[in-house]
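Undergrad: What follows is the file final-v2.txt, containing compact mmCIF, C-alpha atoms and all ligand atoms:
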```txt
# COMPACT_ATOMS: atom_id res chain seq x y z
CA MET S 1 0.00 0.00 0.00
CA ASN S 2 2.06 2.98 -1.12
CA LYS S 3 -0.54 5.50 -2.22
CA ARG S 4 -1.20 8.57 -0.12
CA ARG S 5 -4.17 8.13 2.20
CA LEU S 6 -6.72 10.74 3.25
CA VAL S 7 -9.20 10.55 6.10
CA VAL S 8 -11.86 13.23 6.61
CA ALA S 9 -13.72 13.54 9.92
CA ASN S 10 -17.28 14.68 9.30
CA TRP S 11 -18.28 15.72 12.81
CA LYS S 12 -21.80 16.67 11.73
CA MET S 13 -23.39 17.94 15.00
CA TYR S 14 -21.76 15.21 17.11
CA ILE S 15 -19.04 17.51 18.44
CA ASP S 16 -21.07 20.49 19.48
CA SER S 17 -19.10 22.62 21.93
CA PRO S 18 -15.86 24.60 21.72
CA GLU S 19 -14.47 22.64 24.68
CA SER S 20 -14.95 19.23 23.08
CA ALA S 21 -13.68 20.50 19.71
CA ARG S 22 -10.52 21.89 21.33
CA ARG S 23 -9.98 18.71 23.36
CA PHE S 24 -10.29 16.53 20.25
CA ALA S 25 -7.98 18.66 18.09
CA THR S 26 -5.35 18.84 20.81
CA ALA S 27 -5.40 15.09 21.43
CA LEU S 28 -5.21 14.34 17.70
CA ARG S 29 -2.21 16.64 17.25
CA LYS S 30 -0.39 15.03 20.15
CA LYS S 31 -0.70 11.58 18.59
CA SER S 32 0.37 12.49 15.05
CA ARG S 33 3.26 10.00 15.07
CA LEU S 34 0.64 7.21 15.21
CA TYR S 35 -0.75 8.06 11.77
CA LYS S 36 2.28 9.20 9.81
CA GLY S 37 1.57 9.01 6.07
CA VAL S 38 -2.17 9.61 6.47
CA ASP S 39 -3.52 13.09 5.63
CA VAL S 40 -6.23 14.12 8.06
CA VAL S 41 -8.98 16.72 7.69
CA LEU S 42 -11.33 17.76 10.51
CA ALA S 43 -14.71 19.10 9.35
CA PRO S 44 -16.51 20.70 12.29
CA ALA S 45 -19.79 22.61 12.14
CA PHE S 46 -19.41 26.29 11.13
CA PRO S 47 -19.45 27.79 14.66
CA LEU S 48 -16.51 25.56 15.66
CA LEU S 49 -14.25 26.34 12.68
CA ALA S 50 -12.42 29.16 14.47
CA VAL S 51 -11.59 27.20 17.62
CA VAL S 52 -10.41 24.18 15.64
CA ALA S 53 -8.36 26.41 13.30
CA GLU S 54 -6.68 27.92 16.34
CA LYS S 55 -5.78 24.49 17.74
CA LEU S 56 -4.50 23.22 14.38
CA LYS S 57 -2.22 26.20 13.71
CA GLY S 58 1.22 24.95 12.64
CA SER S 59 0.09 21.32 12.33
CA VAL S 60 -0.34 19.19 9.21
CA ILE S 61 -3.98 18.46 10.04
CA ARG S 62 -6.23 20.43 7.68
CA LEU S 63 -9.54 22.12 8.26
CA GLY S 64 -12.70 21.24 6.33
CA ALA S 65 -16.28 22.54 6.18
CA GLN S 66 -19.43 20.44 5.95
CA THR S 67 -21.06 22.49 3.19
CA ILE S 68 -20.75 25.75 1.26
CA SER S 69 -23.06 28.30 -0.29
CA GLU S 70 -23.78 27.95 -3.98
CA PHE S 71 -23.65 31.75 -4.17
CA GLU S 72 -20.67 34.05 -4.25
CA ASP S 73 -21.88 36.73 -1.83
CA ALA S 74 -24.85 38.64 -0.36
CA PRO S 75 -27.86 38.52 -0.07
CA HIS S 76 -28.29 34.91 1.15
CA THR S 77 -29.23 34.79 4.81
CA GLY S 78 -27.62 31.92 6.66
CA ASP S 79 -25.26 30.95 3.84
CA VAL S 80 -21.48 30.74 4.17
CA SER S 81 -19.43 31.56 1.08
CA ALA S 82 -16.17 30.13 -0.23
CA ALA S 83 -14.38 33.37 0.65
CA MET S 84 -15.69 33.24 4.22
CA LEU S 85 -14.52 29.64 4.57
CA LYS S 86 -11.12 30.54 3.18
CA HIS S 87 -10.80 33.37 5.72
CA ALA S 88 -11.65 30.88 8.47
CA GLY S 89 -8.70 28.69 7.44
CA VAL S 90 -10.70 26.04 5.58
CA SER S 91 -9.06 24.21 2.69
CA PHE S 92 -11.54 21.33 2.07
CA VAL S 93 -15.30 21.37 1.77
CA ILE S 94 -17.84 18.53 1.62
CA VAL S 95 -20.51 18.98 -1.06
CA GLY S 96 -23.58 16.92 -1.86
CA HIS S 97 -23.67 14.94 1.37
CA SER S 98 -26.72 12.65 1.37
CA GLU S 99 -28.04 14.27 4.55
CA ARG S 100 -28.14 17.60 2.68
CA ARG S 101 -29.52 16.04 -0.51
CA ALA S 102 -32.32 14.71 1.73
CA GLN S 103 -33.14 18.35 2.48
CA ASN S 104 -33.75 19.00 -1.21
CA GLU S 105 -30.22 19.90 -2.26
CA THR S 106 -30.35 19.20 -6.00
CA ASP S 107 -27.58 18.17 -8.40
CA ALA S 108 -27.76 21.70 -9.85
CA ALA S 109 -27.08 23.17 -6.41
CA VAL S 110 -24.24 20.69 -5.86
CA HIS S 111 -22.71 21.71 -9.20
CA ALA S 112 -22.93 25.40 -8.23
CA GLN S 113 -21.32 24.65 -4.84
CA LEU S 114 -18.51 22.80 -6.56
CA GLU S 115 -17.89 25.77 -8.82
CA ARG S 116 -17.86 28.16 -5.87
CA ALA S 117 -15.48 25.94 -3.91
CA LEU S 118 -13.04 25.51 -6.78
CA LEU S 119 -13.11 29.19 -7.81
CA GLY S 120 -12.50 30.03 -4.17
CA GLY S 121 -9.38 27.86 -4.06
CA LEU S 122 -10.85 25.08 -1.92
CA SER S 123 -10.63 21.34 -2.50
CA ALA S 124 -14.10 19.83 -2.89
CA ILE S 125 -15.16 16.44 -1.55
CA LEU S 126 -18.11 15.40 -3.72
CA CYS S 127 -20.34 12.83 -2.02
CA VAL S 128 -22.23 10.33 -4.15
CA GLY S 129 -24.14 7.26 -3.10
CA GLU S 130 -27.29 5.24 -3.71
CA LYS S 131 -30.15 4.87 -1.22
CA GLU S 132 -30.58 1.19 -1.99
CA ARG S 133 -29.36 -1.54 -4.31
CA ASP S 134 -31.21 -3.88 -6.62
CA VAL S 135 -30.15 -6.90 -8.62
CA ALA S 136 -30.48 -4.96 -11.87
CA GLY S 137 -27.62 -2.71 -10.73
CA SER S 138 -29.49 0.60 -11.02
CA HIS S 139 -27.11 2.04 -8.42
CA PHE S 140 -24.42 2.28 -11.09
CA SER S 141 -26.48 4.60 -13.28
CA LEU S 142 -27.42 6.68 -10.25
CA ILE S 143 -23.77 7.16 -9.33
CA GLU S 144 -22.99 8.02 -12.94
CA SER S 145 -25.69 10.70 -12.90
CA GLN S 146 -24.46 12.13 -9.58
CA LEU S 147 -20.92 12.30 -10.97
CA ALA S 148 -22.25 14.24 -13.97
CA VAL S 149 -22.17 17.39 -11.78
CA LEU S 150 -18.46 17.38 -12.52
CA LYS S 151 -19.13 17.98 -16.23
CA ASN S 152 -18.26 21.45 -17.52
CA LEU S 153 -15.90 22.17 -14.67
CA PRO S 154 -12.50 23.37 -15.90
CA HIS S 155 -10.25 20.37 -16.58
CA LYS S 156 -7.53 21.70 -14.34
CA ALA S 157 -10.05 21.72 -11.46
CA VAL S 158 -9.82 17.95 -11.39
CA SER S 159 -6.73 18.12 -9.16
CA LYS S 160 -8.86 19.76 -6.44
CA ILE S 161 -11.64 17.16 -6.51
CA ILE S 162 -12.09 14.20 -4.22
CA VAL S 163 -14.99 11.76 -4.64
CA ALA S 164 -16.52 10.24 -1.51
CA TYR S 165 -18.63 7.19 -2.27
CA GLU S 166 -21.14 6.94 0.55
CA PRO S 167 -23.95 4.41 0.06
CA VAL S 168 -26.83 5.92 2.04
CA TRP S 169 -27.96 2.51 3.31
CA ALA S 170 -24.60 2.08 5.07
CA ILE S 171 -24.48 5.46 6.83
CA GLY S 172 -24.89 5.70 10.60
CA LYS S 173 -24.94 1.93 11.20
CA THR S 174 -22.23 -0.37 12.55
CA SER S 175 -19.19 -1.82 10.83
CA ALA S 176 -21.05 -5.15 10.47
CA GLU S 177 -23.68 -3.43 8.30
CA ALA S 178 -21.20 -1.38 6.25
CA MET S 179 -20.21 -2.26 2.71
CA LYS S 180 -17.81 -5.11 2.17
CA GLY S 181 -14.39 -4.50 0.62
CA SER S 182 -15.07 -6.57 -2.52
CA ASP S 183 -18.30 -4.68 -3.34
CA LEU S 184 -16.50 -1.43 -2.68
CA ARG S 185 -13.76 -2.36 -5.11
CA GLU S 186 -16.31 -2.88 -7.88
CA MET S 187 -17.79 0.58 -7.26
CA SER S 188 -14.47 2.30 -6.98
CA ILE S 189 -13.41 0.88 -10.37
CA PHE S 190 -16.71 2.08 -11.82
CA ILE S 191 -16.18 5.59 -10.43
CA LYS S 192 -12.66 5.74 -11.88
CA LYS S 193 -13.95 4.62 -15.28
CA THR S 194 -16.72 7.24 -15.20
CA LEU S 195 -14.27 10.00 -14.25
CA ALA S 196 -11.88 8.95 -16.99
CA GLU S 197 -14.70 9.41 -19.54
CA GLN S 198 -15.30 12.96 -18.28
CA PHE S 199 -11.77 14.23 -17.80
CA ASP S 200 -8.32 13.70 -19.12
CA ARG S 201 -7.69 10.03 -18.28
CA VAL S 202 -4.38 10.50 -16.46
CA ALA S 203 -5.74 13.35 -14.32
CA ALA S 204 -8.97 11.48 -13.61
CA LEU S 205 -7.10 8.47 -12.30
CA LYS S 206 -5.43 10.72 -9.74
CA VAL S 207 -8.75 11.77 -8.18
CA PRO S 208 -8.76 10.32 -4.66
CA ILE S 209 -11.74 8.10 -3.91
CA LEU S 210 -12.92 7.86 -0.32
CA TYR S 211 -15.45 5.49 1.18
CA GLY S 212 -17.95 6.61 3.82
CA GLY S 213 -20.63 4.63 5.64
CA SER S 214 -20.04 3.15 9.09
CA VAL S 215 -16.28 3.04 8.96
CA GLU S 216 -15.10 1.95 12.39
CA PRO S 217 -11.85 0.52 13.75
CA GLY S 218 -13.19 -2.99 13.04
CA ASN S 219 -13.59 -2.62 9.27
CA ALA S 220 -11.13 0.15 8.36
CA HIS S 221 -8.23 -2.12 7.52
CA SER S 222 -10.17 -4.53 5.29
CA LEU S 223 -12.02 -1.76 3.44
CA MET S 224 -8.72 -0.05 2.73
CA ALA S 225 -6.94 -3.25 1.74
CA GLU S 226 -9.71 -4.61 -0.53
CA GLY S 227 -11.68 -1.56 -1.64
CA ASP S 228 -9.22 0.11 -4.05
CA ILE S 229 -9.76 3.46 -2.31
CA ASN S 230 -7.57 6.27 -0.99
CA GLY S 231 -9.18 6.71 2.39
CA PHE S 232 -12.38 7.47 4.27
CA LEU S 233 -15.02 10.03 5.07
CA VAL S 234 -15.91 9.11 8.64
CA GLY S 235 -19.06 10.18 10.49
CA HIS S 236 -19.96 8.92 13.96
CA ALA S 237 -16.61 7.24 14.66
CA SER S 238 -14.79 10.50 13.89
CA ALA S 239 -16.29 12.19 16.92
CA GLU S 240 -14.67 9.76 19.39
CA ILE S 241 -10.95 10.40 19.59
CA ASP S 242 -9.99 6.81 20.46
CA GLN S 243 -12.07 5.32 17.65
CA PHE S 244 -10.81 7.88 15.17
CA LEU S 245 -7.19 7.24 16.13
CA ASP S 246 -7.76 3.49 15.80
CA ILE S 247 -9.11 4.01 12.27
CA LEU S 248 -6.05 6.08 11.35
CA LYS S 249 -3.71 3.50 12.85
CA ALA S 250 -5.48 0.70 10.98
CA ILE S 251 -4.62 2.19 7.58
CA ARG S 252 -1.31 3.94 8.10
C1 LIG L 301 -21.24 10.28 6.74
O1 LIG L 301 -22.42 10.58 6.96
O2 LIG L 301 -20.50 11.00 6.04
C2 LIG L 301 -20.73 9.08 7.37
C3 LIG L 301 -19.74 8.47 6.81
O3 LIG L 301 -21.38 8.68 8.51
P1 LIG L 301 -21.12 7.36 9.39
O4 LIG L 301 -19.64 7.11 9.43
O5 LIG L 301 -21.69 7.69 10.70
O6 LIG L 301 -21.84 6.25 8.69
```
Output the structure of this file as structure tokens.
TA:
Amino acid sequence: MNKRRLVVANWKMYIDSPESARRFATALRKKSRLYKGVDVVLAPAFPLLAVVAEKLKGSVIRLGAQTISEFEDAPHTGDVSAAMLKHAGVSFVIVGHSERRAQNETDAAVHAQLERALLGGLSAILCVGEKERDVAGSHFSLIESQLAVLKNLPHKAVSKIIVAYEPVWAIGKTSAEAMKGSDLREMSIFIKKTLAEQFDRVAALKVPILYGGSVEPGNAHSLMAEGDINGFLVGHASAEIDQFLDILKAIR
């Protein structure tokens, strides 16, 4: 395993106070020798970005945001723009998470968010994933259509894109209910093939592919070893420092 690995902690609203965010970031920094070779991004909720940025100053751990406005600037009450995220020290942003798509975030909105993120100099983690599977394999065409939001983005933008494959049926469960490595491998090959049809083939093959959906210490190693992926987008297990460190250790 010699490819660079990336693990993104999607804290959602699990870590919800400045004290717990500071405690987590400090503990993670202290243990960095345990996960040498793994790039780590912490994605707290907006109000916690500043405290986490402060604690990560001078470290190799990067800051991420959980979403971004599809608009450039005012007037959009409640939105947070790419420029605002950049000022806050953010370098990665998650777009198209299934929990946001469930609140009516459309592919058109996801495309606009991607554009805003890339124009604003951020790396974008595009989430795709089917709600359920059937024997006819309709999940493949769904993933293909979700990846189509990448069409018409400048070709050089491809170096700032990360695809997170997150089957909705596997999110928020336990490692026993998560996807198996062999099924993941099939999907990750499909995603690479689809990207290669949209972009320059060499560049497309460099797009990191993450898996998300009940990654825990118990399944991290096998998913990484069998899934043909570059890392993980982790939800619930990323909010517990010991579990998160165990995941990082399992794939270093
Ligand atoms: C997610 O929602 O991005 C996620 C991966 O969640 P969990 O790890 O809790 O399944």
Undergrad: Quick one: residues within 10 Å of S:Ala148, only C-alpha atoms counted, chain neighbours fewer than 6 positions away excluded, as a short mmCIF file (atom, residue, chain, number, x, y, z; two decimals) with C-alpha atoms, in the frame of the given file?
TA:
```
data_model
loop_
_atom_site.label_atom_id
_atom_site.label_comp_id
_atom_site.auth_asym_id
_atom_site.auth_seq_id
_atom_site.Cartn_x
_atom_site.Cartn_y
_atom_site.Cartn_z
CA ASP S 107 -27.58 18.17 -8.40
CA HIS S 111 -22.71 21.71 -9.20
CA LEU S 142 -27.42 6.68 -10.25
CA THR S 194 -16.72 7.24 -15.20
CA LEU S 195 -14.27 10.00 -14.25
CA GLN S 198 -15.30 12.96 -18.28
#
```
Undergrad: Hey, which residues sit close to ligand LIG 301 (chain L)? Say within 7 Å, counting only C-alpha atoms and all ligand atoms, and write them as an mmCIF file with C-alpha atoms, in the frame of the given file.
TA:
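So part_14.cif came out as:
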```cif
data_model
loop_
_atom_site.group_PDB
_atom_site.id
_atom_site.type_symbol
_atom_site.label_atom_id
_atom_site.label_comp_id
_atom_site.auth_asym_id
_atom_site.auth_seq_id
_atom_site.Cartn_x
_atom_site.Cartn_y
_atom_site.Cartn_z
ATOM 1 C CA ASN S 10 -17.280 14.680 9.300
ATOM 2 C CA HIS S 97 -23.670 14.940 1.370
ATOM 3 C CA GLU S 166 -21.140 6.940 0.550
ATOM 4 C CA ALA S 170 -24.600 2.080 5.070
ATOM 5 C CA ILE S 171 -24.480 5.460 6.830
ATOM 6 C CA GLY S 172 -24.890 5.700 10.600
ATOM 7 C CA LYS S 173 -24.940 1.930 11.200
ATOM 8 C CA GLY S 212 -17.950 6.610 3.820
ATOM 9 C CA GLY S 213 -20.630 4.630 5.640
ATOM 10 C CA SER S 214 -20.040 3.150 9.090
ATOM 11 C CA VAL S 215 -16.280 3.040 8.960
ATOM 12 C CA LEU S 233 -15.020 10.030 5.070
ATOM 13 C CA VAL S 234 -15.910 9.110 8.640
ATOM 14 C CA GLY S 235 -19.060 10.180 10.490
ATOM 15 C CA HIS S 236 -19.960 8.920 13.960
ATOM 16 C CA ALA S 237 -16.610 7.240 14.660
#
```
Undergrad: What does the distance between atom CA of S:Ala225 and atom CA of S:Ala196 come to in Å, to one decimal place?
TA: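 Taking atom CA of S:Ala225 as the start and atom CA of S:Ala196 as the end point, the length is 22.9 Å.
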Undergrad: Using all atoms listed in the file, which of S:Ile241, S:Leu184, S:Ile191, S:Leu147 sits nearest S:Met224?
TA: S:Leu184
Undergrad: At what distance in Å, to one decimal, does atom CA of S:Val158 lie from atom CA of S:Ala204?
TA: 6.9 Å
Undergrad: When you look at S:Glu72 with a cut-off of 7 Å (counting only C-alpha atoms), what residues show up, excluding the ones that are within fewer than 2 positions of it in the same chain? I need them as a short mmCIF file (atom, residue, chain, number, x, y, z; two decimals) with C-alpha atoms, in the coordinates of the input.
TA:
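This went into result39.cif:
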```
data_model
loop_
_atom_site.label_atom_id
_atom_site.label_comp_id
_atom_site.auth_asym_id
_atom_site.auth_seq_id
_atom_site.Cartn_x
_atom_site.Cartn_y
_atom_site.Cartn_z
CA GLU S 70 -23.78 27.95 -3.98
CA SER S 81 -19.43 31.56 1.08
CA ARG S 116 -17.86 28.16 -5.87
#
```
Undergrad: Could you name the residues that touch S:Leu248 at 8 Å or less, counting only C-alpha atoms, but leaving out those on the same chain fewer than 5 positions away, as a list of chain:residue names?
TA: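 Within the cut-off, the hits are S:Val7, S:Leu34, S:Tyr35, S:Val38.
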Undergrad: I'd like the contact shell of S:Gly96 - 12 Å cut-off, only C-alpha atoms, skipping same-chain residues fewer than 5 positions apart - returned as an MDAnalysis selection string.
TA: chainID S and resid 66:70 101:114 124:129 146:147 149:150 163:166
Undergrad: Could you write out the selected residues, including C-alpha atoms, as a short mmCIF file (atom, residue, chain, number, x, y, z; two decimals), keeping the file's coordinate frame?
TA:
```
data_model
loop_
_atom_site.label_atom_id
_atom_site.label_comp_id
_atom_site.auth_asym_id
_atom_site.auth_seq_id
_atom_site.Cartn_x
_atom_site.Cartn_y
_atom_site.Cartn_z
CA GLN S 66 -19.43 20.44 5.95
CA THR S 67 -21.06 22.49 3.19
CA ILE S 68 -20.75 25.75 1.26
CA SER S 69 -23.06 28.30 -0.29
CA GLU S 70 -23.78 27.95 -3.98
CA ARG S 101 -29.52 16.04 -0.51
CA ALA S 102 -32.32 14.71 1.73
CA GLN S 103 -33.14 18.35 2.48
CA ASN S 104 -33.75 19.00 -1.21
CA GLU S 105 -30.22 19.90 -2.26
CA THR S 106 -30.35 19.20 -6.00
CA ASP S 107 -27.58 18.17 -8.40
CA ALA S 108 -27.76 21.70 -9.85
CA ALA S 109 -27.08 23.17 -6.41
CA VAL S 110 -24.24 20.69 -5.86
CA HIS S 111 -22.71 21.71 -9.20
CA ALA S 112 -22.93 25.40 -8.23
CA GLN S 113 -21.32 24.65 -4.84
CA LEU S 114 -18.51 22.80 -6.56
CA ALA S 124 -14.10 19.83 -2.89
CA ILE S 125 -15.16 16.44 -1.55
CA LEU S 126 -18.11 15.40 -3.72
CA CYS S 127 -20.34 12.83 -2.02
CA VAL S 128 -22.23 10.33 -4.15
CA GLY S 129 -24.14 7.26 -3.10
CA GLN S 146 -24.46 12.13 -9.58
CA LEU S 147 -20.92 12.30 -10.97
CA VAL S 149 -22.17 17.39 -11.78
CA LEU S 150 -18.46 17.38 -12.52
CA VAL S 163 -14.99 11.76 -4.64
CA ALA S 164 -16.52 10.24 -1.51
CA TYR S 165 -18.63 7.19 -2.27
CA GLU S 166 -21.14 6.94 0.55
#
```
Undergrad: Calculated over only C-alpha atoms, which of the candidates S:Arg100, S:Leu223, S:Asp183, S:Arg62 has the smallest distance to S:Val40?
TA: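 Once distances to S:Val40 are computed over only C-alpha atoms, the minimum belongs to S:Arg62.
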Undergrad: Closest to S:Ile161 among S:Glu115, S:Glu132, S:Asp228, S:Asp246, using all atoms listed in the file?
TA: S:Glu115
Undergrad: Which residues of stretch 51-84 of chain S come within 10 Å of stretch 24-27 of chain S, and for each one, what is the closest pair of atoms and their distance in Å to one decimal, counting only C-alpha atoms, sorted by chain and residue number, as JSON lines?
TA:
```
{"residue": "S:Val51", "atom": "CA", "partner": "S:Ala25", "partner_atom": "CA", "distance": 9.3}
{"residue": "S:Val52", "atom": "CA", "partner": "S:Ala25", "partner_atom": "CA", "distance": 6.5}
{"residue": "S:Ala53", "atom": "CA", "partner": "S:Ala25", "partner_atom": "CA", "distance": 9.1}
{"residue": "S:Glu54", "atom": "CA", "partner": "S:Ala25", "partner_atom": "CA", "distance": 9.5}
{"residue": "S:Lys55", "atom": "CA", "partner": "S:Ala25", "partner_atom": "CA", "distance": 6.2}
{"residue": "S:Leu56", "atom": "CA", "partner": "S:Ala25", "partner_atom": "CA", "distance": 6.8}
{"residue": "S:Ile61", "atom": "CA", "partner": "S:Ala25", "partner_atom": "CA", "distance": 9.0}
```
Undergrad: Could you list, as a list of chain:residue names, every residue within 8 Å of S:Gly227, counting all atoms listed in the file and ignoring same-chain residues fewer than 6 positions away?
TA: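 Returned residues: S:Gly181, S:Ser182, S:Asp183, S:Leu184, S:Arg185, S:Glu186, S:Ser188.
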Undergrad: How about saving the chosen residues, C-alpha atoms kept, as a compact mmCIF listing (two decimals), keeping the file's coordinate frame?
TA:
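File produced: again12.txt:
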```
# COMPACT_ATOMS: atom_id res chain seq x y z
CA GLY S 181 -14.39 -4.50 0.62
CA SER S 182 -15.07 -6.57 -2.52
CA ASP S 183 -18.30 -4.68 -3.34
CA LEU S 184 -16.50 -1.43 -2.68
CA ARG S 185 -13.76 -2.36 -5.11
CA GLU S 186 -16.31 -2.88 -7.88
CA SER S 188 -14.47 2.30 -6.98
```
Undergrad: Between atom CA of S:Lys30 and atom CA of S:Pro47, what is the distance, to one decimal in Å?
TA: 23.6 Å
Undergrad: Taking all atoms listed in the file into account, name the residue in S:Ala117, S:Ala43, S:Ile251, S:Val95 that is nearest to S:Lys3.
TA: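 Ranked by minimum distance to S:Lys3, first place goes to S:Ile251.
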Undergrad: Quick one: of S:Lys86, S:Lys206, S:Arg252, S:Lys36, who's nearest to S:Ser159, counting only C-alpha atoms?
TA: S:Lys206
Undergrad: With distances taken over only C-alpha atoms, which of S:Glu130, S:Asp16, S:Glu216, S:Asp39 is nearest to S:Ala250?
TA: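 Of all the options, S:Glu216 lies closest to S:Ala250.
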Undergrad: Add whatever atoms are absent from stretch 204-221 of chain S to reach N, CA, C and O atoms, and provide the output as a PDB file, in the coordinates of the input.
TA:
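Output file result-v5.pdb is given in full below:
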```
ATOM      1  N   ALA S 204      -7.818  12.093 -14.268  1.00  0.00           N
ATOM      2  CA  ALA S 204      -8.970  11.480 -13.610  1.00  0.00           C
ATOM      3  C   ALA S 204      -8.537  10.338 -12.686  1.00  0.00           C
ATOM      4  O   ALA S 204      -9.102  10.151 -11.611  1.00  0.00           O
ATOM      5  N   LEU S 205      -7.541   9.599 -13.122  1.00  0.00           N
ATOM      6  CA  LEU S 205      -7.100   8.470 -12.300  1.00  0.00           C
ATOM      7  C   LEU S 205      -6.406   8.925 -11.011  1.00  0.00           C
ATOM      8  O   LEU S 205      -6.201   8.137 -10.101  1.00  0.00           O
ATOM      9  N   LYS S 206      -6.068  10.207 -10.970  1.00  0.00           N
ATOM     10  CA  LYS S 206      -5.430  10.720  -9.740  1.00  0.00           C
ATOM     11  C   LYS S 206      -6.458  11.237  -8.728  1.00  0.00           C
ATOM     12  O   LYS S 206      -6.092  11.644  -7.630  1.00  0.00           O
ATOM     13  N   VAL S 207      -7.735  11.276  -9.114  1.00  0.00           N
ATOM     14  CA  VAL S 207      -8.750  11.770  -8.180  1.00  0.00           C
ATOM     15  C   VAL S 207      -8.873  10.786  -7.004  1.00  0.00           C
ATOM     16  O   VAL S 207      -9.184   9.607  -7.209  1.00  0.00           O
ATOM     17  N   PRO S 208      -8.625  11.257  -5.779  1.00  0.00           N
ATOM     18  CA  PRO S 208      -8.760  10.320  -4.660  1.00  0.00           C
ATOM     19  C   PRO S 208     -10.213   9.880  -4.477  1.00  0.00           C
ATOM     20  O   PRO S 208     -11.135  10.676  -4.612  1.00  0.00           O
ATOM     21  N   ILE S 209     -10.398   8.612  -4.181  1.00  0.00           N
ATOM     22  CA  ILE S 209     -11.740   8.100  -3.910  1.00  0.00           C
ATOM     23  C   ILE S 209     -11.788   7.644  -2.445  1.00  0.00           C
ATOM     24  O   ILE S 209     -10.963   6.835  -1.998  1.00  0.00           O
ATOM     25  N   LEU S 210     -12.743   8.222  -1.729  1.00  0.00           N
ATOM     26  CA  LEU S 210     -12.920   7.860  -0.320  1.00  0.00           C
ATOM     27  C   LEU S 210     -14.171   7.006  -0.192  1.00  0.00           C
ATOM     28  O   LEU S 210     -15.079   7.089  -1.020  1.00  0.00           O
ATOM     29  N   TYR S 211     -14.213   6.215   0.854  1.00  0.00           N
ATOM     30  CA  TYR S 211     -15.450   5.490   1.180  1.00  0.00           C
ATOM     31  C   TYR S 211     -15.994   6.055   2.488  1.00  0.00           C
ATOM     32  O   TYR S 211     -15.216   6.348   3.420  1.00  0.00           O
ATOM     33  N   GLY S 212     -17.310   6.204   2.576  1.00  0.00           N
ATOM     34  CA  GLY S 212     -17.950   6.610   3.820  1.00  0.00           C
ATOM     35  C   GLY S 212     -19.200   5.780   4.042  1.00  0.00           C
ATOM     36  O   GLY S 212     -19.930   5.462   3.094  1.00  0.00           O
ATOM     37  N   GLY S 213     -19.454   5.434   5.296  1.00  0.00           N
ATOM     38  CA  GLY S 213     -20.630   4.630   5.640  1.00  0.00           C
ATOM     39  C   GLY S 213     -20.218   3.622   6.685  1.00  0.00           C
ATOM     40  O   GLY S 213     -19.762   2.523   6.367  1.00  0.00           O
ATOM     41  N   SER S 214     -20.344   4.040   7.974  1.00  0.00           N
ATOM     42  CA  SER S 214     -20.040   3.150   9.090  1.00  0.00           C
ATOM     43  C   SER S 214     -18.621   2.580   9.070  1.00  0.00           C
ATOM     44  O   SER S 214     -18.413   1.389   9.294  1.00  0.00           O
ATOM     45  N   VAL S 215     -17.676   3.447   8.794  1.00  0.00           N
ATOM     46  CA  VAL S 215     -16.280   3.040   8.960  1.00  0.00           C
ATOM     47  C   VAL S 215     -15.970   3.128  10.449  1.00  0.00           C
ATOM     48  O   VAL S 215     -16.244   4.130  11.099  1.00  0.00           O
ATOM     49  N   GLU S 216     -15.441   2.037  10.963  1.00  0.00           N
ATOM     50  CA  GLU S 216     -15.100   1.950  12.390  1.00  0.00           C
ATOM     51  C   GLU S 216     -13.743   1.253  12.481  1.00  0.00           C
ATOM     52  O   GLU S 216     -13.247   0.733  11.469  1.00  0.00           O
ATOM     53  N   PRO S 217     -13.144   1.208  13.662  1.00  0.00           N
ATOM     54  CA  PRO S 217     -11.850   0.520  13.750  1.00  0.00           C
ATOM     55  C   PRO S 217     -11.909  -0.921  13.247  1.00  0.00           C
ATOM     56  O   PRO S 217     -10.951  -1.431  12.666  1.00  0.00           O
ATOM     57  N   GLY S 218     -13.059  -1.579  13.415  1.00  0.00           N
ATOM     58  CA  GLY S 218     -13.190  -2.990  13.040  1.00  0.00           C
ATOM     59  C   GLY S 218     -13.174  -3.275  11.551  1.00  0.00           C
ATOM     60  O   GLY S 218     -12.843  -4.393  11.139  1.00  0.00           O
ATOM     61  N   ASN S 219     -13.553  -2.319  10.705  1.00  0.00           N
ATOM     62  CA  ASN S 219     -13.590  -2.620   9.270  1.00  0.00           C
ATOM     63  C   ASN S 219     -12.629  -1.747   8.446  1.00  0.00           C
ATOM     64  O   ASN S 219     -12.502  -1.913   7.239  1.00  0.00           O
ATOM     65  N   ALA S 220     -11.956  -0.799   9.119  1.00  0.00           N
ATOM     66  CA  ALA S 220     -11.130   0.150   8.360  1.00  0.00           C
ATOM     67  C   ALA S 220     -10.032  -0.554   7.566  1.00  0.00           C
ATOM     68  O   ALA S 220      -9.825  -0.272   6.373  1.00  0.00           O
ATOM     69  N   HIS S 221      -9.354  -1.481   8.206  1.00  0.00           N
ATOM     70  CA  HIS S 221      -8.230  -2.120   7.520  1.00  0.00           C
ATOM     71  C   HIS S 221      -8.696  -2.893   6.287  1.00  0.00           C
ATOM     72  O   HIS S 221      -8.129  -2.759   5.208  1.00  0.00           O
TER      73      HIS S 221
END
```
